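S.K.: My questions all concern the structure below.
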Amino acid sequence: MSGLLDAAILLIPLITGMTTGYLTRGRKIFNAGKVVSVAILLLIFSLGFSIGSNTELLAVMPKVGMYAIVLLTMALFFSTLFVKAVRKLVKI
Amino acid sequence: MMKYILPTLALGILAGYLNNSFGTPLLNTIFSEHVFNFSLIALLFLMGLLFAADKQSMGQIRKAKLKILLFPLAVALGSLSGGFIGGLILRIDMLAAMGVCAGYGWYTLAGPLVGQLFGLEWGALAFIVNFLRELFTTVATAIVVKVDKYAPIAMGGATTMDTTLPIIMHYCGQDTLIIAFSSGFTLTMAAPFTITGLSLIAH
């Protein structure tokens, strides 16, 4: 249930942001690019913080690396394959 | 910006590790929960705002015909299938594996968001997978373009609207700009929705 609530709650800022952006379109209110950079760095730092303080997670890191390689290879292979198929179908 | 990401992550891991050994649990709660949630919500709000406020990006997609949207759709389905098959091969939670791949290369979002919705170990995996996706596209475009002119755009996923766009245009040709940009743009928009959607199914 908490997972369900988390997912729904996270869509609220995204949709609110889109609505705000659409309504204030063409007006430059503040330097959003800089604020985005700060938010990203804060987010990455705190992600690192929770990874670093989780000793169980640090222990399974080598395994995570193997998972990452398999998942990335599969994602890249099928993305390319599907794009090739679409190009054949609609001739882009 | 890019050059600050890895040092910041490393610094965060080090700080978390040191705090775990010598510090207080309070600091852990502040960073792992409050700062994390606050910046994630702020980032999602700002990204939504920037997308909707940018007349040019929306106009570019409208200018290109609707069939151009098949391109990011194929990349999205390909990434999700990759996650599914990869999950099968590794015998791990398939929905979480699909969530990891549904970042489409946008690691700054996918890592934290997947971590929040599926658990921290999946967040770490999502960060690595999507970071490597961008890195691989940057490094391998020159070679991959020989397989198919549009293969680098498929691999780049969401990153083809900004970070990998110059490289893709350089190697795949100026005419790929609209497809690369609109594909990256659509996938960037789709990433948070796909990841939260998968977590809704999982719960």
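Residues are referred to by chain and number: the chain letter is A, B, ... according to the order shown in the structure tokens, the number counts from 1 in that chain, and ligands are numbered separately from 1 in the order shown.
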Write out as a Markdown table a residue-level contact list of chain A versus chain B with cut-off 7 Å: for each qualifying residue the closest pair of atoms and the distance in Å to one decimal, counting only C-alpha atoms, rows sorted by chain and residue number upward.

M.R.:
| residue | atom | partner | partner_atom | distance |
| --- | --- | --- | --- | --- |
| A:Gly3 | CA | B:Leu117 | CA | 6.0 |
| A:Leu4 | CA | B:Leu200 | CA | 5.7 |
| A:Asp6 | CA | B:Leu117 | CA | 6.8 |
| A:Ala7 | CA | B:Thr196 | CA | 5.2 |
| A:Leu10 | CA | B:Ile41 | CA | 6.7 |
| A:Pro13 | CA | B:Phe45 | CA | 4.5 |
| A:Leu14 | CA | B:Phe45 | CA | 4.6 |
| A:Ile15 | CA | B:Gly48 | CA | 6.5 |
| A:Thr16 | CA | B:Phe45 | CA | 6.5 |
| A:Gly17 | CA | B:Leu49 | CA | 4.2 |
| A:Met18 | CA | B:Gly48 | CA | 4.2 |
| A:Thr20 | CA | B:Leu49 | CA | 6.0 |
| A:Gly21 | CA | B:Leu49 | CA | 4.0 |
| A:Tyr22 | CA | B:Ala52 | CA | 4.9 |
| A:Thr24 | CA | B:Ala53 | CA | 6.9 |
| A:Arg25 | CA | B:Ala53 | CA | 4.6 |
| A:Gly26 | CA | B:Ala53 | CA | 6.7 |
| A:Val36 | CA | B:Leu43 | CA | 6.2 |
| A:Ala39 | CA | B:Ser39 | CA | 5.1 |
| A:Ile40 | CA | B:Thr108 | CA | 6.7 |
| A:Leu41 | CA | B:Thr8 | CA | 6.7 |
| A:Leu42 | CA | B:Ser39 | CA | 6.3 |
| A:Leu43 | CA | B:Phe36 | CA | 5.4 |
| A:Ile44 | CA | B:Leu9 | CA | 5.5 |
| A:Phe45 | CA | B:Gly12 | CA | 4.5 |
| A:Ser46 | CA | B:Phe31 | CA | 5.2 |
| A:Leu47 | CA | B:Pro112 | CA | 6.3 |
| A:Gly48 | CA | B:Gly12 | CA | 4.2 |
| A:Phe49 | CA | B:Gly16 | CA | 4.1 |
| A:Ser50 | CA | B:Ser32 | CA | 5.0 |
| A:Ile51 | CA | B:Ile13 | CA | 6.0 |
| A:Gly52 | CA | B:Ile13 | CA | 4.0 |
| A:Ser53 | CA | B:Gly16 | CA | 4.4 |
| A:Leu57 | CA | B:Glu121 | CA | 6.3 |
| A:Val64 | CA | B:Leu125 | CA | 6.1 |
| A:Ala68 | CA | B:Val129 | CA | 5.1 |
| A:Val70 | CA | B:Gly86 | CA | 6.1 |
| A:Leu71 | CA | B:Gly86 | CA | 5.0 |
| A:Leu72 | CA | B:Val129 | CA | 5.7 |
| A:Met74 | CA | B:Gly82 | CA | 4.3 |
| A:Ala75 | CA | B:Gly82 | CA | 4.0 |
| A:Leu76 | CA | B:Met155 | CA | 5.4 |
| A:Phe78 | CA | B:Gly78 | CA | 4.4 |
| A:Ser79 | CA | B:Gly78 | CA | 3.9 |
| A:Thr80 | CA | B:Ala154 | CA | 5.3 |
| A:Phe82 | CA | B:Ala74 | CA | 5.2 |
| A:Val83 | CA | B:Ala74 | CA | 5.4 |
| A:Val86 | CA | B:Ala74 | CA | 6.9 |

S.K.: Stretch 15-74 of chain A: which residues are alpha helix (DSSP H) by DSSP, as a ChimeraX atom specification?

M.R.: /A:15-23,32-52,55-59,61-74

S.K.: What does the distance between atom CA of B:Asp162 and atom CA of B:Phe185 come to in Å, to one decimal place?

M.R.: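 Atom CA of B:Phe185 lies 8.8 Å from atom CA of B:Asp162.
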
S.K.: Report, in Å to a single decimal, how far apart atom CA of B:Glu134 and atom CA of B:Ala191 are.

M.R.: 14.6 Å

S.K.: For the atom pair atom CA of B:Val145 and atom CA of B:Cys172, what is the interatomic distance in Å to one decimal place?

M.R.: 6.4 Å
